[in-house]
$ cat data.pdb   # PDB, C-alpha atoms, pLDDT in the B column
ATOM      1  CA  MET U  29      84.459  99.397 129.426  1.00 51.00           C
ATOM      2  CA  THR U  30      86.398 102.536 130.227  1.00 48.00           C
ATOM      3  CA  ASP U  31      84.413 105.309 131.947  1.00 51.00           C
ATOM      4  CA  SER U  32      84.197 108.318 129.610  1.00 51.00           C
ATOM      5  CA  SER U  33      84.780 110.717 132.505  1.00 50.00           C
ATOM      6  CA  THR U  34      88.298 109.362 133.069  1.00 71.00           C
ATOM      7  CA  THR U  35      91.337 110.257 131.049  1.00 88.00           C
ATOM      8  CA  LEU U  36      92.151 107.564 128.535  1.00 90.00           C
ATOM      9  CA  PRO U  37      95.711 106.257 128.443  1.00 94.00           C
ATOM     10  CA  PHE U  38      95.817 106.411 124.626  1.00 96.00           C
ATOM     11  CA  PRO U  39      94.150 108.471 121.914  1.00 95.00           C
ATOM     12  CA  LEU U  40      91.223 106.812 120.167  1.00 95.00           C
ATOM     13  CA  ALA U  41      90.991 105.837 116.533  1.00 95.00           C
ATOM     14  CA  THR U  42      88.730 108.242 114.680  1.00 92.00           C
ATOM     15  CA  GLY U  43      86.282 107.983 111.822  1.00 89.00           C
ATOM     16  CA  ARG U  44      86.414 104.691 109.957  1.00 91.00           C
ATOM     17  CA  GLU U  45      89.849 103.876 111.373  1.00 93.00           C
ATOM     18  CA  LYS U  46      89.959 100.820 113.607  1.00 95.00           C
ATOM     19  CA  GLY U  47      91.978 100.629 116.761  1.00 96.00           C
ATOM     20  CA  TYR U  48      92.872  98.097 119.406  1.00 97.00           C
ATOM     21  CA  GLN U  49      90.011  97.012 121.644  1.00 97.00           C
ATOM     22  CA  ARG U  50      90.349  99.127 124.775  1.00 97.00           C
ATOM     23  CA  ASP U  51      89.425  96.483 127.354  1.00 97.00           C
ATOM     24  CA  ALA U  52      91.922  94.001 125.872  1.00 97.00           C
ATOM     25  CA  VAL U  53      94.743  96.565 125.904  1.00 97.00           C
ATOM     26  CA  ASP U  54      93.891  97.743 129.418  1.00 97.00           C
ATOM     27  CA  ALA U  55      93.816  94.156 130.722  1.00 96.00           C
ATOM     28  CA  PHE U  56      97.130  93.262 129.078  1.00 96.00           C
ATOM     29  CA  LEU U  57      98.887  96.371 130.354  1.00 96.00           C
ATOM     30  CA  ALA U  58      97.548  95.747 133.872  1.00 94.00           C
ATOM     31  CA  ARG U  59      98.873  92.188 133.624  1.00 93.00           C
ATOM     32  CA  ALA U  60     102.236  93.469 132.377  1.00 94.00           C
ATOM     33  CA  ARG U  61     102.486  96.004 135.198  1.00 92.00           C
ATOM     34  CA  ALA U  62     101.685  93.374 137.835  1.00 91.00           C
ATOM     35  CA  ALA U  63     104.185  90.939 136.306  1.00 91.00           C
ATOM     36  CA  PHE U  64     106.887  93.585 136.104  1.00 90.00           C
ATOM     37  CA  GLU U  65     106.279  94.672 139.670  1.00 88.00           C
ATOM     38  CA  GLN U  66     105.946  90.969 140.580  1.00 82.00           C
ATOM     39  CA  GLN U  67     102.596  91.438 142.247  1.00 61.00           C
ATOM     40  CA  GLY U  68     101.096  88.324 140.712  1.00 55.00           C
ATOM     41  CA  ASP U  69     101.834  84.768 139.747  1.00 60.00           C
ATOM     42  CA  ASP U  70     102.109  85.706 136.081  1.00 63.00           C
ATOM     43  CA  GLU U  71     105.632  85.545 134.653  1.00 83.00           C
ATOM     44  CA  LEU U  72     105.432  87.685 131.545  1.00 89.00           C
ATOM     45  CA  ASP U  73     108.535  88.251 129.423  1.00 90.00           C
ATOM     46  CA  ALA U  74     109.700  90.516 126.617  1.00 91.00           C
ATOM     47  CA  GLU U  75     108.793  87.978 123.942  1.00 90.00           C
ATOM     48  CA  GLN U  76     105.205  87.735 125.179  1.00 93.00           C
ATOM     49  CA  VAL U  77     104.935  91.528 125.192  1.00 93.00           C
ATOM     50  CA  ARG U  78     106.276  91.630 121.619  1.00 90.00           C
ATOM     51  CA  SER U  79     103.743  89.056 120.437  1.00 90.00           C
ATOM     52  CA  ALA U  80     100.728  90.613 122.170  1.00 94.00           C
ATOM     53  CA  ALA U  81      97.803  91.020 119.804  1.00 94.00           C
ATOM     54  CA  PHE U  82      94.467  92.734 120.261  1.00 97.00           C
ATOM     55  CA  PRO U  83      91.166  92.690 118.367  1.00 96.00           C
ATOM     56  CA  LEU U  84      90.632  95.614 115.999  1.00 96.00           C
ATOM     57  CA  VAL U  85      87.452  97.604 116.566  1.00 96.00           C
ATOM     58  CA  ARG U  86      86.027 101.012 115.748  1.00 94.00           C
ATOM     59  CA  GLY U  87      86.572 103.431 118.597  1.00 93.00           C
ATOM     60  CA  GLY U  88      89.541 101.478 119.899  1.00 96.00           C
ATOM     61  CA  TYR U  89      92.888 102.847 120.973  1.00 97.00           C
ATOM     62  CA  ARG U  90      95.028 104.241 118.179  1.00 96.00           C
ATOM     63  CA  ILE U  91      97.340 101.424 117.071  1.00 95.00           C
ATOM     64  CA  SER U  92     100.521 103.498 116.779  1.00 93.00           C
ATOM     65  CA  ALA U  93     100.173 104.855 120.325  1.00 95.00           C
ATOM     66  CA  VAL U  94      99.643 101.409 121.852  1.00 96.00           C
ATOM     67  CA  ASP U  95     102.474  99.894 119.797  1.00 93.00           C
ATOM     68  CA  ALA U  96     104.854 102.623 121.004  1.00 93.00           C
ATOM     69  CA  ALA U  97     103.885 101.930 124.617  1.00 95.00           C
ATOM     70  CA  LEU U  98     104.283  98.182 124.116  1.00 95.00           C
ATOM     71  CA  ALA U  99     107.765  98.783 122.697  1.00 92.00           C
ATOM     72  CA  ARG U 100     108.718 100.613 125.903  1.00 94.00           C
ATOM     73  CA  VAL U 101     107.227  97.817 128.030  1.00 95.00           C
ATOM     74  CA  GLU U 102     109.140  95.224 125.992  1.00 92.00           C
ATOM     75  CA  ASP U 103     112.358  97.205 126.447  1.00 92.00           C
ATOM     76  CA  ALA U 104     111.826  97.258 130.221  1.00 92.00           C
ATOM     77  CA  PHE U 105     111.201  93.511 130.383  1.00 92.00           C
ATOM     78  CA  ALA U 106     114.230  92.813 128.171  1.00 91.00           C
ATOM     79  CA  ALA U 107     116.476  94.960 130.362  1.00 91.00           C
ATOM     80  CA  ARG U 108     115.263  93.133 133.463  1.00 90.00           C
ATOM     81  CA  GLU U 109     115.794  89.746 131.795  1.00 89.00           C
ATOM     82  CA  ARG U 110     119.318  90.785 130.797  1.00 89.00           C
ATOM     83  CA  GLU U 111     120.123  91.923 134.346  1.00 91.00           C
ATOM     84  CA  ARG U 112     118.817  88.663 135.825  1.00 89.00           C
ATOM     85  CA  ALA U 113     120.781  86.560 133.349  1.00 89.00           C
ATOM     86  CA  VAL U 114     124.004  88.495 133.938  1.00 91.00           C
ATOM     87  CA  ARG U 115     123.604  88.043 137.709  1.00 93.00           C
ATOM     88  CA  ALA U 116     122.860  84.323 137.319  1.00 93.00           C
ATOM     89  CA  GLU U 117     125.327  83.411 134.548  1.00 91.00           C
ATOM     90  CA  GLY U 118     127.847  86.204 134.568  1.00 92.00           C
ATOM     91  CA  ALA U 119     128.466  88.807 131.890  1.00 90.00           C
ATOM     92  CA  ASP U 120     130.815  86.604 129.843  1.00 91.00           C
ATOM     93  CA  ALA U 121     128.236  83.802 129.586  1.00 91.00           C
ATOM     94  CA  TRP U 122     125.522  86.291 128.628  1.00 89.00           C
ATOM     95  CA  VAL U 123     127.682  87.793 125.896  1.00 89.00           C
ATOM     96  CA  GLU U 124     128.638  84.345 124.584  1.00 92.00           C
ATOM     97  CA  ARG U 125     124.999  83.194 124.476  1.00 91.00           C
ATOM     98  CA  THR U 126     123.993  86.367 122.635  1.00 92.00           C
ATOM     99  CA  ARG U 127     126.913  85.927 120.220  1.00 93.00           C
ATOM    100  CA  ARG U 128     125.795  82.340 119.451  1.00 95.00           C
ATOM    101  CA  GLU U 129     122.208  83.497 118.836  1.00 94.00           C
ATOM    102  CA  ALA U 130     123.454  86.251 116.536  1.00 95.00           C
ATOM    103  CA  GLN U 131     125.557  83.739 114.604  1.00 96.00           C
ATOM    104  CA  VAL U 132     122.534  81.478 114.033  1.00 95.00           C
ATOM    105  CA  VAL U 133     120.594  84.434 112.613  1.00 96.00           C
ATOM    106  CA  LEU U 134     123.573  85.565 110.553  1.00 96.00           C
ATOM    107  CA  ASP U 135     124.047  82.065 109.086  1.00 96.00           C
ATOM    108  CA  ARG U 136     120.422  81.972 107.939  1.00 95.00           C
ATOM    109  CA  LEU U 137     120.412  85.480 106.508  1.00 97.00           C
ATOM    110  CA  GLN U 138     123.637  84.951 104.575  1.00 96.00           C
ATOM    111  CA  ARG U 139     121.962  82.308 102.432  1.00 95.00           C
ATOM    112  CA  PRO U 140     121.447  83.275  98.771  1.00 95.00           C
ATOM    113  CA  GLU U 141     118.663  85.747  98.009  1.00 92.00           C
ATOM    114  CA  GLY U 142     115.358  83.993  97.433  1.00 89.00           C
ATOM    115  CA  GLU U 143     116.487  81.006  99.525  1.00 92.00           C
ATOM    116  CA  ARG U 144     116.710  82.471 103.022  1.00 95.00           C
ATOM    117  CA  PHE U 145     113.356  81.086 104.154  1.00 96.00           C
ATOM    118  CA  ALA U 146     110.909  78.403 103.068  1.00 95.00           C
ATOM    119  CA  ARG U 147     108.401  79.510 100.468  1.00 95.00           C
ATOM    120  CA  VAL U 148     104.648  79.067 100.663  1.00 94.00           C
ATOM    121  CA  GLY U 149     104.103  77.789  97.115  1.00 86.00           C
ATOM    122  CA  LEU U 150     102.785  79.231  93.872  1.00 88.00           C
ATOM    123  CA  LEU U 151      99.135  79.365  94.898  1.00 90.00           C
ATOM    124  CA  ARG U 152      99.592  80.780  98.401  1.00 94.00           C
ATOM    125  CA  TYR U 153     100.629  84.179  99.684  1.00 96.00           C
ATOM    126  CA  GLY U 154     103.683  84.922 101.765  1.00 96.00           C
ATOM    127  CA  TYR U 155     106.023  87.828 102.390  1.00 97.00           C
ATOM    128  CA  ALA U 156     107.536  89.358  99.258  1.00 96.00           C
ATOM    129  CA  ARG U 157     110.943  87.698  98.932  1.00 96.00           C
ATOM    130  CA  SER U 158     112.700  90.744  97.478  1.00 96.00           C
ATOM    131  CA  GLU U 159     111.531  92.943 100.372  1.00 97.00           C
ATOM    132  CA  VAL U 160     112.510  90.390 103.000  1.00 97.00           C
ATOM    133  CA  ASP U 161     115.892  89.950 101.337  1.00 97.00           C
ATOM    134  CA  LEU U 162     116.517  93.726 101.489  1.00 97.00           C
ATOM    135  CA  VAL U 163     115.785  93.762 105.221  1.00 97.00           C
ATOM    136  CA  ALA U 164     117.899  90.628 105.657  1.00 97.00           C
ATOM    137  CA  ASP U 165     120.837  92.387 103.983  1.00 97.00           C
ATOM    138  CA  ARG U 166     120.495  95.307 106.426  1.00 97.00           C
ATOM    139  CA  ILE U 167     120.437  92.895 109.374  1.00 98.00           C
ATOM    140  CA  VAL U 168     123.526  91.088 108.048  1.00 97.00           C
ATOM    141  CA  ALA U 169     125.338  94.432 107.752  1.00 97.00           C
ATOM    142  CA  TYR U 170     124.322  95.268 111.336  1.00 97.00           C
ATOM    143  CA  LEU U 171     125.412  91.919 112.766  1.00 95.00           C
ATOM    144  CA  ALA U 172     128.577  91.490 110.704  1.00 94.00           C
ATOM    145  CA  GLN U 173     129.880  95.058 110.386  1.00 94.00           C
ATOM    146  CA  GLY U 174     127.968  97.078 112.976  1.00 93.00           C
ATOM    147  CA  ALA U 175     126.037  99.064 110.364  1.00 96.00           C
ATOM    148  CA  PRO U 176     123.365 101.342 111.851  1.00 96.00           C
ATOM    149  CA  LEU U 177     120.028  99.676 112.547  1.00 97.00           C
ATOM    150  CA  THR U 178     117.554 100.246 115.354  1.00 96.00           C
ATOM    151  CA  VAL U 179     115.103  98.024 117.175  1.00 94.00           C
ATOM    152  CA  GLU U 180     112.332 100.386 116.072  1.00 93.00           C
ATOM    153  CA  GLN U 181     113.237  99.869 112.411  1.00 96.00           C
ATOM    154  CA  ILE U 182     112.898  96.120 112.861  1.00 96.00           C
ATOM    155  CA  ARG U 183     109.670  96.452 114.852  1.00 93.00           C
ATOM    156  CA  GLN U 184     108.128  98.614 112.132  1.00 92.00           C
ATOM    157  CA  THR U 185     109.128  96.345 109.274  1.00 95.00           C
ATOM    158  CA  ALA U 186     106.219  95.320 107.073  1.00 95.00           C
ATOM    159  CA  PHE U 187     106.188  93.305 103.871  1.00 97.00           C
ATOM    160  CA  ARG U 188     103.770  93.040 100.967  1.00 97.00           C
ATOM    161  CA  MET U 189     102.088  89.684 100.485  1.00 97.00           C
ATOM    162  CA  THR U 190     102.850  87.951  97.171  1.00 96.00           C
ATOM    163  CA  ARG U 191     102.340  84.534  95.669  1.00 94.00           C
ATOM    164  CA  ASP U 192     105.244  82.169  96.250  1.00 92.00           C
ATOM    165  CA  GLY U 193     106.573  84.426  99.001  1.00 96.00           C
ATOM    166  CA  TYR U 194     108.490  83.492 102.113  1.00 97.00           C
ATOM    167  CA  ARG U 195     106.651  81.822 104.996  1.00 96.00           C
ATOM    168  CA  GLU U 196     105.490  84.525 107.387  1.00 95.00           C
ATOM    169  CA  GLU U 197     106.123  82.442 110.506  1.00 94.00           C
ATOM    170  CA  GLN U 198     109.786  81.867 109.678  1.00 95.00           C
ATOM    171  CA  VAL U 199     110.469  85.485 108.797  1.00 96.00           C
ATOM    172  CA  ASP U 200     108.659  86.738 111.892  1.00 95.00           C
ATOM    173  CA  ALA U 201     110.589  84.316 114.115  1.00 94.00           C
ATOM    174  CA  VAL U 202     113.919  85.579 112.768  1.00 96.00           C
ATOM    175  CA  LEU U 203     112.860  89.216 113.159  1.00 96.00           C
ATOM    176  CA  ASP U 204     111.864  88.439 116.762  1.00 93.00           C
ATOM    177  CA  ALA U 205     115.280  86.847 117.321  1.00 94.00           C
ATOM    178  CA  VAL U 206     116.974  89.948 115.885  1.00 96.00           C
ATOM    179  CA  ILE U 207     115.013  92.155 118.269  1.00 95.00           C
ATOM    180  CA  GLU U 208     116.013  89.938 121.202  1.00 92.00           C
ATOM    181  CA  ILE U 209     119.676  90.154 120.159  1.00 94.00           C
ATOM    182  CA  MET U 210     119.508  93.927 119.748  1.00 94.00           C
ATOM    183  CA  LEU U 211     117.848  94.352 123.139  1.00 91.00           C
ATOM    184  CA  ALA U 212     120.426  92.044 124.702  1.00 88.00           C
ATOM    185  CA  VAL U 213     123.306  94.261 123.657  1.00 83.00           C
ATOM    186  CA  ARG U 214     121.755  97.639 124.442  1.00 77.00           C
TER     187      ARG U 214
END
$ encode --input "data.pdb" --output "structure tokens"
Amino acid sequence: MTDSSTTLPFPLATGREKGYQRDAVDAFLARARAAFEQQGDDELDAEQVRSAAFPLVRGGYRISAVDAALARVEDAFAARERERAVRAEGADAWVERTRREAQVVLDRLQRPEGERFARVGLLRYGYARSEVDLVADRIVAYLAQGAPLTVEQIRQTAFRMTRDGYREEQVDAVLDAVIEIMLAVR
């Protein structure tokens, strides 16, 4: 547990609000720092930073503050991964690979509304199709025409849960791919 006499790296959740468990966040960030500085055997990457999850507890770190820090850590890992790939493959190969990945995402998101992802079924809950389709249209405009869209907007995307919605796993995987593409071209 963190010593109360030391300065905490993040503000704490207050009142009934839950936050991320402090020890879990501290351990992950220490692991990320060591991996980034290559002081350990752990090879952490941007995708693992993006998918990091922590238990929610009372008195934990405020979620928004930790998420903002994790976004910066992810950006740093992505930039390093891009630099390594460009050195290893060359800039043209990196651009071509990113272009292919973007085309795969674009092909999926250009499917008809309501059919872009598998659905969970009438008795189960998934992401609201209309909301996902709106975000998908924004991503298509970004990828196809260069319309404005930021990594932060994608990271902060949230959908209501509805019956017969889209499968969460598929939508989340595509959003992760979009973030990877956006970070690749920064």
$ residues_around --input "data.pdb" --residues "range 107-124 of chain U" --least-positions-apart "5" --cutoff "8 Å" --atoms "only C-alpha atoms" --output "PyMOL selection string"
chain U and resi 73+211-212
$ closest_residue --input "data.pdb" --among "U:Val213, U:Leu171, U:Ala74, U:Ala41" --to "Arg100 in chain U" --atoms "all atoms listed in the file"
U:Ala74
$ axis_aligned_box --input "data.pdb" --around "range 183-187 of chain U" --padding-each-side "3 Å" --output "AutoDock Vina command-line options"
--center_x 107.9 --center_y 96.0 --center_z 109.4 --size_x 9.5 --size_y 11.3 --size_z 17.0
$ atom_distance --input "data.pdb" --atom1 "CA of Thr34 in chain U" --atom2 "CA of Tyr48 in chain U"
18.3 Å
$ atom_distance --input "data.pdb" --atom1 "CA of Leu40 in chain U" --atom2 "CA of Arg90 in chain U"
5.0 Å
$ atom_distance --input "data.pdb" --atom1 "CA of Gly87 in chain U" --atom2 "CA of Ile182 in chain U"
27.9 Å
$ residues_near_point --input "data.pdb" --point "(110.9, 89.5, 114.0)" --cutoff "12 Å" --atoms "all atoms listed in the file" --output "PyMOL selection string"
chain U and resi 75+78-79+133+160+163-164+167+179-187+196-210
$ write_last_selection --input "data.pdb" --atoms "C-alpha atoms" --output "JSON list (two decimals), keeping the file's coordinate frame"
[["chain", "number", "residue", "atom", "x", "y", "z"],
["U", 75, "GLU", "CA", 108.79, 87.98, 123.94],
["U", 78, "ARG", "CA", 106.28, 91.63, 121.62],
["U", 79, "SER", "CA", 103.74, 89.06, 120.44],
["U", 133, "VAL", "CA", 120.59, 84.43, 112.61],
["U", 160, "VAL", "CA", 112.51, 90.39, 103.00],
["U", 163, "VAL", "CA", 115.78, 93.76, 105.22],
["U", 164, "ALA", "CA", 117.90, 90.63, 105.66],
["U", 167, "ILE", "CA", 120.44, 92.90, 109.37],
["U", 179, "VAL", "CA", 115.10, 98.02, 117.18],
["U", 180, "GLU", "CA", 112.33, 100.39, 116.07],
["U", 181, "GLN", "CA", 113.24, 99.87, 112.41],
["U", 182, "ILE", "CA", 112.90, 96.12, 112.86],
["U", 183, "ARG", "CA", 109.67, 96.45, 114.85],
["U", 184, "GLN", "CA", 108.13, 98.61, 112.13],
["U", 185, "THR", "CA", 109.13, 96.34, 109.27],
["U", 186, "ALA", "CA", 106.22, 95.32, 107.07],
["U", 187, "PHE", "CA", 106.19, 93.30, 103.87],
["U", 196, "GLU", "CA", 105.49, 84.52, 107.39],
["U", 197, "GLU", "CA", 106.12, 82.44, 110.51],
["U", 198, "GLN", "CA", 109.79, 81.87, 109.68],
["U", 199, "VAL", "CA", 110.47, 85.48, 108.80],
["U", 200, "ASP", "CA", 108.66, 86.74, 111.89],
["U", 201, "ALA", "CA", 110.59, 84.32, 114.12],
["U", 202, "VAL", "CA", 113.92, 85.58, 112.77],
["U", 203, "LEU", "CA", 112.86, 89.22, 113.16],
["U", 204, "ASP", "CA", 111.86, 88.44, 116.76],
["U", 205, "ALA", "CA", 115.28, 86.85, 117.32],
["U", 206, "VAL", "CA", 116.97, 89.95, 115.88],
["U", 207, "ILE", "CA", 115.01, 92.16, 118.27],
["U", 208, "GLU", "CA", 116.01, 89.94, 121.20],
["U", 209, "ILE", "CA", 119.68, 90.15, 120.16],
["U", 210, "MET", "CA", 119.51, 93.93, 119.75]]
$ closest_residue --input "data.pdb" --among "U:Val85, U:Ala106, U:Ala175, U:Val94" --to "Gly43 in chain U" --atoms "only C-alpha atoms"
U:Val85
$ residues_near_point --input "data.pdb" --point "(104.4, 94.9, 122.6)" --cutoff "8 Å" --atoms "only C-alpha atoms" --output "number ranges by chain"
U: 74, 76-80, 95-102
$ closest_residue --input "data.pdb" --among "U:Arg86, U:Arg191, U:Arg59, U:Arg50" --to "Tyr155 in chain U" --atoms "all atoms listed in the file"
U:Arg191
$ closest_residue --input "data.pdb" --among "U:Ala104, U:Val168, U:Ala62, U:Met189" --to "Val148 in chain U" --atoms "all atoms listed in the file"
U:Met189
$ closest_residue --input "data.pdb" --among "U:Arg195, U:Ala169, U:Ala63, U:Ala93" --to "Glu143 in chain U" --atoms "all atoms listed in the file"
U:Arg195
$ residues_around --input "data.pdb" --residues "Ser158 in chain U" --least-positions-apart "4" --cutoff "9 Å" --atoms "all atoms listed in the file" --output "ChimeraX atom specification"
/U:141-142,162-163,193
$ resolve_selection --input "data.pdb" --expression "the PyMOL selection byres ((chain U and resi 192) around 8)" --output "JSON, numbers by chain"
{"U": [147, 148, 149, 150, 151, 152, 153, 154, 190, 191, 193, 194]}
$ closest_residue --input "data.pdb" --among "U:Arg157, U:Arg188, U:Arg214, U:Lys46" --to "Ser92 in chain U" --atoms "all atoms listed in the file"
U:Lys46
$ decode --input "data.pdb" --residues "range 102-116 of chain U" --atoms "N, CA, C and O atoms" --output "PDB file, in the first residue's frame"
ATOM      1  N   GLU U 102       0.900   4.835 -23.664  1.00  0.00           N
ATOM      2  CA  GLU U 102       0.620   4.121 -24.920  1.00  0.00           C
ATOM      3  C   GLU U 102       1.218   4.870 -26.106  1.00  0.00           C
ATOM      4  O   GLU U 102       1.823   4.258 -26.997  1.00  0.00           O
ATOM      5  N   ASP U 103       1.055   6.183 -26.131  1.00  0.00           N
ATOM      6  CA  ASP U 103       1.622   6.989 -27.213  1.00  0.00           C
ATOM      7  C   ASP U 103       3.134   6.811 -27.298  1.00  0.00           C
ATOM      8  O   ASP U 103       3.695   6.690 -28.387  1.00  0.00           O
ATOM      9  N   ALA U 104       3.793   6.783 -26.149  1.00  0.00           N
ATOM     10  CA  ALA U 104       5.258   6.625 -26.128  1.00  0.00           C
ATOM     11  C   ALA U 104       5.664   5.254 -26.659  1.00  0.00           C
ATOM     12  O   ALA U 104       6.598   5.134 -27.461  1.00  0.00           O
ATOM     13  N   PHE U 105       4.962   4.213 -26.238  1.00  0.00           N
ATOM     14  CA  PHE U 105       5.268   2.871 -26.734  1.00  0.00           C
ATOM     15  C   PHE U 105       5.004   2.776 -28.235  1.00  0.00           C
ATOM     16  O   PHE U 105       5.784   2.180 -28.975  1.00  0.00           O
ATOM     17  N   ALA U 106       3.907   3.360 -28.693  1.00  0.00           N
ATOM     18  CA  ALA U 106       3.576   3.317 -30.124  1.00  0.00           C
ATOM     19  C   ALA U 106       4.631   4.039 -30.951  1.00  0.00           C
ATOM     20  O   ALA U 106       5.028   3.562 -32.021  1.00  0.00           O
ATOM     21  N   ALA U 107       5.086   5.177 -30.464  1.00  0.00           N
ATOM     22  CA  ALA U 107       6.133   5.920 -31.193  1.00  0.00           C
ATOM     23  C   ALA U 107       7.413   5.094 -31.267  1.00  0.00           C
ATOM     24  O   ALA U 107       8.061   5.024 -32.322  1.00  0.00           O
ATOM     25  N   ARG U 108       7.765   4.438 -30.177  1.00  0.00           N
ATOM     26  CA  ARG U 108       8.969   3.605 -30.182  1.00  0.00           C
ATOM     27  C   ARG U 108       8.804   2.422 -31.138  1.00  0.00           C
ATOM     28  O   ARG U 108       9.720   2.084 -31.880  1.00  0.00           O
ATOM     29  N   GLU U 109       7.626   1.808 -31.126  1.00  0.00           N
ATOM     30  CA  GLU U 109       7.369   0.678 -32.030  1.00  0.00           C
ATOM     31  C   GLU U 109       7.455   1.128 -33.486  1.00  0.00           C
ATOM     32  O   GLU U 109       7.995   0.416 -34.334  1.00  0.00           O
ATOM     33  N   ARG U 110       6.916   2.300 -33.772  1.00  0.00           N
ATOM     34  CA  ARG U 110       6.977   2.845 -35.134  1.00  0.00           C
ATOM     35  C   ARG U 110       8.430   3.078 -35.544  1.00  0.00           C
ATOM     36  O   ARG U 110       8.843   2.689 -36.640  1.00  0.00           O
ATOM     37  N   GLU U 111       9.208   3.685 -34.672  1.00  0.00           N
ATOM     38  CA  GLU U 111      10.624   3.947 -34.979  1.00  0.00           C
ATOM     39  C   GLU U 111      11.387   2.650 -35.241  1.00  0.00           C
ATOM     40  O   GLU U 111      12.177   2.573 -36.191  1.00  0.00           O
ATOM     41  N   ARG U 112      11.153   1.641 -34.407  1.00  0.00           N
ATOM     42  CA  ARG U 112      11.828   0.353 -34.592  1.00  0.00           C
ATOM     43  C   ARG U 112      11.439  -0.286 -35.921  1.00  0.00           C
ATOM     44  O   ARG U 112      12.280  -0.828 -36.632  1.00  0.00           O
ATOM     45  N   ALA U 113      10.154  -0.242 -36.242  1.00  0.00           N
ATOM     46  CA  ALA U 113       9.683  -0.852 -37.484  1.00  0.00           C
ATOM     47  C   ALA U 113      10.233  -0.122 -38.702  1.00  0.00           C
ATOM     48  O   ALA U 113      10.616  -0.763 -39.689  1.00  0.00           O
ATOM     49  N   VAL U 114      10.285   1.189 -38.649  1.00  0.00           N
ATOM     50  CA  VAL U 114      10.818   1.965 -39.776  1.00  0.00           C
ATOM     51  C   VAL U 114      12.300   1.638 -39.967  1.00  0.00           C
ATOM     52  O   VAL U 114      12.765   1.467 -41.099  1.00  0.00           O
ATOM     53  N   ARG U 115      13.044   1.534 -38.864  1.00  0.00           N
ATOM     54  CA  ARG U 115      14.466   1.166 -38.977  1.00  0.00           C
ATOM     55  C   ARG U 115      14.633  -0.241 -39.547  1.00  0.00           C
ATOM     56  O   ARG U 115      15.514  -0.491 -40.363  1.00  0.00           O
ATOM     57  N   ALA U 116      13.784  -1.166 -39.119  1.00  0.00           N
ATOM     58  CA  ALA U 116      13.912  -2.564 -39.548  1.00  0.00           C
ATOM     59  C   ALA U 116      13.381  -2.798 -40.957  1.00  0.00           C
ATOM     60  O   ALA U 116      13.991  -3.536 -41.735  1.00  0.00           O
TER      61      ALA U 116
END
